[in-house]
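Pasted below: coords-v7.txt, compact mmCIF, C-alpha atoms.
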# COMPACT_ATOMS: atom_id res chain seq x y z
CA MET A 614 -8.86 -35.18 24.99
CA SER A 615 -12.44 -34.36 24.36
CA LEU A 616 -14.61 -32.21 22.11
CA VAL A 617 -17.29 -29.86 23.34
CA VAL A 618 -20.59 -31.36 22.34
CA GLY A 619 -21.90 -29.73 19.20
CA THR A 620 -18.54 -28.76 17.64
CA THR A 621 -18.75 -28.84 13.88
CA THR A 622 -15.76 -30.61 12.29
CA THR A 623 -14.79 -31.29 8.74
CA TYR A 624 -16.30 -34.74 9.17
CA ASP A 625 -19.73 -33.12 9.45
CA SER A 626 -19.33 -30.72 6.54
CA ASN A 627 -20.92 -31.22 3.14
CA ARG A 628 -19.16 -28.22 1.63
CA LEU A 629 -15.52 -29.29 1.42
CA ARG A 630 -13.93 -28.76 -1.97
CA GLU A 631 -12.03 -31.76 -3.32
CA GLN A 632 -8.28 -31.38 -3.24
CA PHE A 633 -7.36 -32.81 -6.60
CA ALA A 634 -4.09 -31.50 -7.93
CA ASN A 635 -3.90 -29.75 -11.28
CA VAL A 636 -0.58 -31.38 -11.98
CA ILE A 637 -0.11 -34.80 -13.52
CA HIS A 638 3.08 -36.42 -12.29
CA MET A 639 4.88 -38.58 -14.79
CA ILE A 640 8.03 -40.51 -13.99
CA SER A 641 8.83 -41.79 -17.44
CA PRO A 642 11.92 -40.08 -18.87
CA GLU A 643 11.57 -38.24 -22.15
CA GLU A 644 15.11 -37.47 -23.22
CA CYS A 645 16.36 -39.00 -26.46
CA PRO A 646 20.09 -38.31 -26.56
CA PHE A 647 20.85 -39.96 -29.90
CA GLN A 648 18.36 -37.73 -31.71
CA GLY A 649 19.89 -34.74 -29.98
CA LEU A 650 23.40 -35.72 -31.05
CA VAL A 651 23.14 -36.31 -34.76
CA GLU A 652 21.97 -34.06 -37.55
CA ARG A 653 18.71 -34.39 -39.41
CA GLU A 654 18.64 -34.47 -43.20
CA SER A 655 15.70 -34.26 -45.54
CA VAL A 656 15.28 -37.25 -47.82
CA ASP A 657 13.14 -37.15 -50.95
CA GLY A 658 12.06 -40.77 -51.18
CA ARG A 659 11.50 -43.95 -49.25
CA HIS A 660 14.82 -45.48 -50.34
CA PRO A 661 17.63 -42.97 -49.83
CA GLU A 662 21.02 -44.14 -51.09
CA TRP A 663 24.50 -42.69 -50.83
CA SER A 664 28.07 -43.61 -51.72
CA THR A 665 31.02 -44.57 -49.59
CA ASP A 666 34.65 -44.62 -50.56
CA THR A 667 37.98 -45.52 -48.98
CA LEU A 668 41.60 -44.68 -49.73
CA ARG A 669 43.83 -47.49 -50.93
CA THR A 670 46.46 -48.77 -48.53
CA PRO A 671 49.53 -46.50 -48.51
CA VAL A 672 52.73 -48.08 -49.82
CA THR A 673 56.44 -47.43 -49.42
CA SER A 674 57.21 -48.48 -53.01
CA ASN A 675 55.99 -45.39 -54.89
CA GLN A 676 59.33 -44.45 -56.47
CA GLN A 677 59.27 -43.89 -60.25
CA LEU A 678 61.81 -43.69 -63.07
CA GLU A 679 62.80 -40.32 -64.44
CA GLY A 680 61.16 -39.80 -67.86
CA ASP A 681 59.00 -42.82 -67.41
CA ASP A 682 55.70 -43.16 -69.29
CA TYR A 683 52.73 -43.36 -66.93
CA ALA A 684 50.99 -46.61 -66.14
CA TYR A 685 47.44 -45.77 -65.14
CA ALA A 686 45.84 -47.11 -62.04
CA THR A 687 42.28 -48.35 -62.06
CA ILE A 688 40.44 -46.44 -59.37
CA PRO A 689 37.73 -48.63 -57.81
CA ALA A 690 34.16 -47.42 -58.05
CA THR A 691 32.48 -46.07 -54.96
CA VAL A 692 30.25 -48.36 -52.93
CA ARG A 693 26.53 -47.62 -53.11
CA VAL A 694 24.59 -48.25 -49.91
CA GLY A 695 21.14 -47.28 -48.70
CA ASN A 696 18.38 -47.68 -46.22
CA TYR A 697 14.59 -47.63 -46.24
CA THR A 698 12.36 -45.16 -44.45
CA GLU A 699 9.88 -46.50 -41.93
CA ILE A 700 6.56 -45.03 -40.87
CA ALA A 701 5.96 -44.65 -37.15
CA ARG A 702 2.78 -43.38 -35.56
CA GLN A 703 0.92 -42.95 -32.30
CA THR A 704 -2.86 -42.59 -32.34
CA TYR A 705 -5.32 -41.20 -29.81
CA LEU A 706 -9.03 -40.64 -29.63
CA VAL A 707 -11.16 -38.51 -27.29
CA SER A 708 -14.93 -38.28 -27.09
CA ARG A 709 -16.53 -34.85 -27.61
CA THR A 710 -17.97 -34.99 -24.11
CA ASP A 711 -14.64 -35.71 -22.44
CA GLU A 712 -13.04 -32.85 -24.32
CA LYS A 713 -15.78 -30.47 -23.14
CA ASN A 714 -15.93 -31.71 -19.54
CA THR A 715 -14.27 -29.60 -16.83
CA LYS A 716 -11.19 -31.42 -15.58
CA ALA A 717 -8.37 -31.12 -13.11
CA GLY A 718 -5.03 -30.40 -14.72
CA PRO A 719 -4.88 -29.83 -18.46
CA LYS A 720 -8.18 -28.47 -19.73
CA SER A 721 -7.94 -30.31 -23.03
CA GLU A 722 -7.71 -34.09 -23.00
CA LEU A 723 -6.76 -34.00 -26.66
CA GLY A 724 -3.89 -31.69 -25.77
CA ARG A 725 -2.72 -33.98 -22.97
CA GLN A 726 -2.84 -37.04 -25.19
CA ARG A 727 -1.13 -35.17 -28.04
CA ARG A 728 1.80 -34.27 -25.82
CA LYS A 729 2.08 -37.79 -24.41
CA ALA A 730 1.81 -39.34 -27.87
CA GLY A 731 4.55 -37.07 -29.14
CA VAL A 732 6.94 -38.10 -26.41
CA GLU A 733 6.13 -41.79 -26.84
CA LEU A 734 6.64 -41.55 -30.58
CA LYS A 735 9.98 -39.84 -30.05
CA THR A 736 11.18 -42.57 -27.69
CA ASP A 737 10.08 -45.22 -30.20
CA ILE A 738 12.15 -43.47 -32.86
CA GLU A 739 15.16 -43.33 -30.51
CA LEU A 740 15.15 -47.08 -29.98
CA SER A 741 14.46 -47.81 -33.63
CA LEU A 742 17.44 -45.72 -34.77
CA LEU A 743 19.79 -47.61 -32.44
CA ALA A 744 18.29 -51.08 -32.75
CA ASN A 745 19.83 -54.20 -34.16
CA LYS A 746 17.22 -54.59 -36.86
CA ALA A 747 17.49 -55.28 -40.56
CA SER A 748 16.29 -53.02 -43.32
CA ASN A 749 13.25 -54.13 -45.26
CA ALA A 750 12.01 -52.74 -48.56
CA GLY A 751 8.47 -53.58 -47.52
CA ALA A 752 5.54 -54.57 -49.70
CA VAL A 753 1.80 -54.06 -49.81
CA GLY A 754 1.37 -56.23 -46.73
CA THR A 755 4.78 -55.63 -45.12
CA ALA A 756 5.87 -52.46 -43.34
CA ARG A 757 9.09 -50.88 -44.58
CA GLN A 758 11.90 -50.91 -42.04
CA SER A 759 14.97 -48.80 -41.51
CA ALA A 760 18.08 -50.67 -40.42
CA GLY A 761 19.26 -49.52 -37.01
CA PHE A 762 22.74 -48.45 -35.91
CA ALA A 763 23.63 -51.83 -34.38
CA ALA A 764 22.85 -53.70 -37.59
CA TRP A 765 25.11 -51.52 -39.77
CA ILE A 766 28.40 -51.90 -37.90
CA THR A 767 30.75 -54.58 -39.28
CA SER A 768 34.23 -53.03 -39.34
CA ASN A 769 34.82 -52.10 -35.70
CA ASP A 770 32.78 -54.49 -33.66
CA SER A 771 33.45 -56.48 -30.53
CA ARG A 772 30.99 -59.32 -30.02
CA GLY A 773 30.60 -62.18 -27.63
CA ALA A 774 31.19 -65.78 -28.71
CA THR A 775 28.85 -66.90 -31.53
CA GLY A 776 28.11 -63.26 -32.36
CA GLY A 777 28.02 -62.47 -36.07
CA ASP A 778 28.04 -59.37 -38.25
CA GLY A 779 25.01 -57.95 -39.96
CA GLY A 780 25.83 -55.12 -42.35
CA PHE A 781 24.96 -53.92 -45.84
CA SER A 782 25.00 -56.50 -48.61
CA GLY A 783 22.89 -56.99 -51.70
CA GLY A 784 20.77 -53.90 -51.21
CA ILE A 785 19.69 -54.52 -47.64
CA VAL A 786 21.20 -54.36 -44.18
CA ALA A 787 21.06 -57.61 -42.22
CA ALA A 788 20.71 -57.69 -38.45
CA ALA A 789 23.75 -58.78 -36.45
CA GLY A 790 23.66 -62.13 -34.67
CA ASN A 791 23.69 -61.89 -30.90
CA GLY A 792 26.55 -63.60 -29.10
CA THR A 793 27.16 -64.67 -25.53
CA GLN A 794 26.79 -61.75 -23.14
CA ARG A 795 29.76 -60.54 -21.09
CA ALA A 796 30.63 -57.70 -18.77
CA PHE A 797 31.77 -54.30 -20.04
CA THR A 798 35.53 -53.90 -19.53
CA LYS A 799 38.23 -51.38 -20.33
CA PRO A 800 40.03 -53.77 -22.74
CA LEU A 801 36.83 -54.16 -24.76
CA LEU A 802 36.50 -50.38 -24.95
CA ASP A 803 40.17 -49.83 -25.85
CA ALA A 804 40.14 -52.49 -28.58
CA THR A 805 37.05 -51.00 -30.23
CA ILE A 806 38.38 -47.43 -30.04
CA LEU A 807 41.63 -48.65 -31.63
CA ALA A 808 39.74 -50.36 -34.44
CA ALA A 809 37.60 -47.28 -35.14
CA TYR A 810 40.64 -44.99 -35.16
CA THR A 811 42.59 -47.29 -37.48
CA SER A 812 39.61 -47.39 -39.85
CA GLY A 813 39.62 -43.59 -40.02
CA GLY A 814 36.85 -42.71 -37.58
CA SER A 815 37.00 -40.18 -34.79
CA PRO A 816 34.27 -41.26 -32.39
CA SER A 817 33.60 -38.78 -29.64
CA ILE A 818 30.63 -40.40 -27.88
CA LEU A 819 30.17 -43.73 -26.15
CA MET A 820 26.44 -44.25 -25.72
CA VAL A 821 25.54 -46.90 -23.16
CA SER A 822 22.69 -48.19 -21.06
CA PRO A 823 22.51 -46.74 -17.54
CA TYR A 824 23.84 -49.98 -16.03
CA VAL A 825 26.87 -50.03 -18.34
CA LYS A 826 27.49 -46.40 -17.35
CA THR A 827 27.77 -47.51 -13.73
CA VAL A 828 30.20 -50.25 -14.75
CA PHE A 829 32.25 -47.67 -16.64
CA SER A 830 32.43 -45.49 -13.53
CA THR A 831 33.92 -48.40 -11.54
CA LEU A 832 37.05 -48.03 -13.69
CA ILE A 833 38.06 -45.06 -11.52
CA ASN A 834 38.20 -47.36 -8.50
CA ASP A 835 40.14 -50.15 -10.19
CA SER A 836 43.62 -50.04 -8.74
CA ALA A 837 44.86 -52.53 -11.32
CA LEU A 838 44.12 -50.00 -14.06
CA ARG A 839 46.17 -47.31 -12.30
CA THR A 840 43.45 -44.76 -12.91
CA ALA A 841 44.25 -41.37 -11.43
CA GLN A 842 42.87 -40.82 -7.94
CA ILE A 843 40.33 -38.02 -7.61
CA PHE A 844 40.58 -35.71 -4.62
CA ASN A 845 38.96 -32.45 -3.63
CA ASN A 846 39.93 -29.99 -0.95
CA VAL A 847 37.54 -29.66 1.97
CA LYS A 848 37.76 -26.31 3.73
CA GLY A 849 36.73 -25.83 7.35
CA ASN A 850 33.37 -27.41 8.11
CA GLU A 851 32.39 -27.96 4.47
CA GLN A 852 30.96 -31.32 3.63
CA ALA A 853 33.13 -33.61 1.54
CA THR A 854 31.95 -34.95 -1.79
CA ILE A 855 32.41 -38.58 -2.73
CA TYR A 856 33.41 -38.84 -6.37
CA SER A 857 32.02 -42.06 -7.73
CA ALA A 858 31.33 -41.36 -11.37
CA ALA A 859 33.16 -40.46 -14.53
CA ASP A 860 31.70 -39.00 -17.71
CA THR A 861 34.77 -38.69 -19.87
CA TYR A 862 37.40 -41.10 -21.10
CA LEU A 863 40.72 -39.88 -22.45
CA SER A 864 41.74 -42.69 -24.76
CA ASP A 865 44.91 -42.96 -26.82
CA PHE A 866 42.96 -41.51 -29.73
CA GLY A 867 40.94 -38.69 -28.24
CA VAL A 868 38.37 -37.81 -25.63
CA LEU A 869 35.14 -39.77 -25.37
CA ASP A 870 32.04 -38.50 -23.61
CA ILE A 871 30.22 -41.36 -21.92
CA MET A 872 26.52 -40.80 -22.46
CA PRO A 873 23.91 -42.95 -20.71
CA ASN A 874 20.68 -43.43 -22.61
CA ARG A 875 17.70 -44.29 -20.41
CA GLN A 876 15.62 -45.37 -23.39
CA MET A 877 18.07 -48.24 -23.97
CA ALA A 878 17.16 -49.64 -20.56
CA ARG A 879 13.45 -48.90 -20.96
CA GLY A 880 13.51 -50.86 -24.22
CA GLY A 881 14.63 -54.00 -22.36
CA ALA A 882 17.55 -56.40 -22.57
CA LEU A 883 17.85 -56.35 -26.37
CA SER A 884 18.22 -52.57 -26.41
CA ALA A 885 20.57 -52.39 -23.44
CA ARG A 886 23.15 -54.97 -24.58
CA ASN A 887 25.10 -52.73 -26.97
CA ALA A 888 27.48 -49.82 -26.37
CA TYR A 889 27.83 -47.48 -29.34
CA LEU A 890 30.97 -45.60 -30.31
CA ILE A 891 29.60 -42.74 -32.36
CA ASP A 892 31.30 -40.34 -34.76
CA THR A 893 28.50 -37.79 -34.94
CA SER A 894 29.68 -36.40 -38.28
CA LYS A 895 29.23 -39.75 -39.99
CA VAL A 896 25.62 -40.56 -39.17
CA ALA A 897 22.34 -38.67 -39.53
CA ILE A 898 18.60 -39.07 -39.31
CA GLY A 899 16.94 -39.00 -42.71
CA VAL A 900 13.50 -37.38 -42.51
CA LEU A 901 10.99 -37.92 -45.29
CA ASP A 902 8.12 -36.53 -43.25
CA ASP A 903 8.63 -34.86 -39.89
CA ILE A 904 6.19 -35.59 -37.06
CA PHE A 905 2.80 -34.11 -37.89
CA GLU A 906 -0.70 -34.44 -36.47
CA ASP A 907 -3.15 -36.09 -38.82
CA ARG A 908 -6.85 -35.45 -38.18
CA PRO A 909 -8.84 -38.21 -39.85
CA ALA A 910 -12.49 -37.50 -40.67
CA LYS A 911 -14.94 -37.98 -37.79
CA THR A 912 -17.04 -41.11 -37.92
CA GLY A 913 -18.71 -40.70 -34.53
CA ASP A 914 -19.00 -38.42 -31.54
CA ALA A 915 -15.24 -38.32 -30.92
CA ASP A 916 -12.11 -36.68 -32.30
CA LYS A 917 -9.50 -38.97 -33.87
CA ARG A 918 -5.88 -38.00 -34.08
CA ALA A 919 -2.61 -39.60 -35.19
CA LEU A 920 0.95 -38.37 -34.91
CA VAL A 921 2.83 -39.72 -37.91
CA THR A 922 6.41 -39.53 -39.17
CA GLU A 923 8.58 -41.26 -41.75
CA PHE A 924 12.33 -41.47 -41.25
CA CYS A 925 15.43 -43.66 -41.52
CA LEU A 926 18.99 -43.87 -40.29
CA ILE A 927 21.56 -42.47 -42.71
CA MET A 928 24.71 -44.41 -41.86
CA LYS A 929 27.15 -42.33 -43.91
CA THR A 930 30.02 -44.72 -43.33
CA GLN A 931 29.78 -47.52 -40.82
CA ALA A 932 33.55 -47.86 -40.48
CA ALA A 933 33.71 -44.51 -38.65
CA HIS A 934 31.83 -45.97 -35.70
CA GLY A 935 32.18 -48.94 -33.41
CA ILE A 936 30.06 -51.21 -31.29
CA ILE A 937 30.74 -53.26 -28.20
CA ALA A 938 27.91 -55.75 -28.45
CA ASP A 939 26.58 -58.51 -26.23
CA LEU A 940 27.14 -56.73 -22.92
CA PHE A 941 25.28 -57.29 -19.71
CA GLY A 942 23.23 -54.13 -20.13
CA LEU A 943 20.66 -54.23 -17.35
CA THR A 944 22.30 -56.07 -14.46
CA ALA A 945 25.47 -58.05 -13.77
CA ALA A 946 23.82 -61.09 -15.34
CA SER A 947 21.36 -59.81 -17.92
CA MET B 294 43.00 -89.04 -33.54
CA LYS B 295 42.30 -89.12 -29.86
CA GLU B 296 38.73 -89.70 -28.74
CA SER B 297 38.80 -86.49 -26.79
CA GLU B 298 39.77 -84.31 -29.77
CA GLU B 299 36.90 -82.55 -31.47
CA LYS B 300 36.51 -83.10 -35.18
CA LEU B 301 36.96 -79.81 -37.00
CA PHE B 302 35.38 -78.74 -40.26
CA PRO B 303 36.53 -75.85 -42.48
CA VAL B 304 34.03 -73.15 -43.36
CA ARG B 305 34.38 -69.92 -45.31
CA MET B 306 32.62 -67.06 -43.56
CA LEU B 307 30.06 -65.05 -45.50
CA ARG B 308 29.78 -62.55 -42.64
CA GLY B 309 32.11 -61.63 -39.79
CA TYR B 310 31.86 -64.07 -36.89
CA PHE B 311 33.22 -64.58 -33.36
CA PRO B 312 33.62 -68.36 -32.84
CA ALA B 313 32.59 -70.08 -29.64
CA TYR B 314 35.24 -72.82 -30.12
CA ASP B 315 37.42 -72.61 -27.03
CA LYS B 316 40.67 -73.25 -28.94
CA HIS B 317 40.02 -70.39 -31.37
CA PRO B 318 42.55 -67.56 -30.84
CA LYS B 319 41.54 -65.00 -28.25
CA ASN B 320 42.07 -61.27 -28.13
CA PRO B 321 45.11 -60.95 -25.83
CA THR B 322 43.71 -58.00 -23.91
CA SER B 323 40.00 -58.64 -23.68
CA GLY B 324 40.11 -62.45 -23.78
CA ASP B 325 37.21 -62.57 -26.21
CA PRO B 326 37.37 -64.63 -29.41
CA MET B 327 39.14 -63.02 -32.35
CA LYS B 328 36.84 -62.09 -35.21
CA VAL B 329 36.88 -64.15 -38.39
CA SER B 330 36.08 -61.68 -41.17
CA ALA B 331 33.84 -62.38 -44.13
CA GLY B 332 35.77 -64.29 -46.79
CA GLU B 333 38.17 -65.91 -44.35
CA THR B 334 38.27 -69.66 -43.74
CA VAL B 335 38.27 -71.12 -40.26
CA LYS B 336 38.14 -74.65 -38.84
CA LEU B 337 35.42 -75.12 -36.26
CA PRO B 338 33.83 -78.04 -34.43
CA VAL B 339 31.34 -79.80 -36.69
CA SER B 340 28.30 -78.72 -34.70
CA GLU B 341 29.27 -75.04 -34.77
CA ALA B 342 30.20 -75.21 -38.47
CA ARG B 343 26.92 -76.92 -39.32
CA GLY B 344 24.96 -74.22 -37.47
CA LEU B 345 26.69 -71.45 -39.40
CA ILE B 346 26.05 -73.14 -42.76
CA GLU B 347 22.39 -73.66 -41.90
CA LYS B 348 22.05 -69.98 -40.98
CA LYS B 349 23.80 -69.06 -44.26
CA LEU B 350 26.52 -67.25 -42.33
CA ALA B 351 29.19 -69.52 -43.82
CA GLU B 352 29.73 -72.01 -46.64
CA ARG B 353 31.64 -75.29 -46.74
CA ALA B 354 35.33 -74.88 -47.45
CA ASP B 355 36.35 -78.54 -47.58
CA GLU B 356 36.38 -78.90 -51.38
CA TRP B 357 40.06 -78.09 -51.80
CA THR B 358 41.28 -79.03 -48.35
CA ILE B 359 44.05 -81.64 -48.34
CA GLU B 360 44.65 -83.02 -44.90

Translate this file's structure into structure tokens.
Amino acid sequence: MSLVVGTTTTYDSNRLREQFANVIHMISPEECPFQGLVERESVDGRHPEWSTDTLRTPVTSNQQLEGDDYAYATIPATVRVGNYTEIARQTYLVSRTDEKNTKAGPKSELGRQRRKAGVELKTDIELSLLANKASNAGAVGTARQSAGFAAWITSNDSRGATGGDGGFSGGIVAAAGNGTQRAFTKPLLDATILAAYTSGGSPSILMVSPYVKTVFSTLINDSALRTAQIFNNVKGNEQATIYSAADTYLSDFGVLDIMPNRQMARGGALSARNAYLIDTSKVAIGVLDDIFEDRPAKTGDADKRALVTEFCLIMKTQAAHGIIADLFGLTAAS
Amino acid sequence: MKESEEKLFPVRMLRGYFPAYDKHPKNPTSGDPMKVSAGETVKLPVSEARGLIEKKLAERADEWTIE
């Protein structure tokens, strides 16, 4: 191979335009399934409270004399529980010059950072709502804190050895104590579903970390569990499909959708170790102030912004839900 | 008492707890320890009982125990 002397190539040119894509590729997942599942409710203050009640145990001895005078039962008062709202924010700051400068991709750097901040704030809220964290009334120097889902559950919980309940007591919700981690199994799931059903709940969602979802799917291959075999018909030269996943579990007490939550894995081992049985009608997100963009006064040659929100978890009745805690949530050993 | 037997101490749980003590009853299906609910009394090895009392997860329950 040879070039005729004098051929101009791109290596000689000074006029090539740069090939810089107008698209920014981002791998980080944005979906927040818990926030998509449960309803949002407006709250009017930083300490929303609500009441819970239960029916007394049914008896077989409710047979009365004819003409008898009534003896009146004392009906127990309802139980008053509550949570505290927490303030979450994500700030960003762009110089006037950078905002004006011609750029590849989004024209406005403020716009790009606003969108990214919004997604990051939303994923923070997702983890906070599910977390095993106590409520805190806060003080001048202490941030208020909303108790997360994992901290509330005391009635229908499966925990590893040395694990202890958190729960509402004395005006606050305590965090649960972590126990020894173990693998997710069908007996753990069945026992927790049974407990939730007996308590009166009707959970329809099992929210798990992506790794636990893969462990759940192995149940279809476990011959000892006598799970139904899955087949599909292959016609002619069609390619066969290997079925290696399951998204639904028909338990003795109803159908459960198994929902992986990537944010639980992104949050690390502490977020991934719990599997949540959720009755979506018995939990909500309390919103004191929905996400808004605050524009603080300029103090220099840049634009300051903050996305701010204030919210809490409204755990209407914890006994409707369940938790399988202390699972290996990221790998077979972590 | 045999040397090998662990000394047990009664505690009354203030919160639900899943003991690590290997002779504590296990869930027959999952094999995990059975939960001791808040208000219930359970006998645990001294070290485990002491840890729970220090963390205020349980209180001593030996006042009225007659062995």

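As for atom CA of A:Ala789 and atom CA of A:Tyr697, they are spaced 17.4 Å apart.
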
- Task: Can you check which residues of chain B have any atom within 6 Å of chain A? Use all atoms listed in the file and format it as a PyMOL selection string.
- Result: chain B and resi 308-313+322-323

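Here atom CA of A:Thr944 is placed at a distance of 21.6 Å from atom CA of A:Pro646.
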
- Task: Scan for residues within 9 Å of the point (32.0, -77.3, -48.6) in the coordinates of the file, using all atoms listed in the file, and reply as a PyMOL selection string.
- Result: chain B and resi 303-305+352-357

- Query: Using all atoms listed in the file, which of A:Cys925, A:Leu863, A:Ala910, A:Val825 sits nearest A:Ala878?
  - Reply: A:Val825
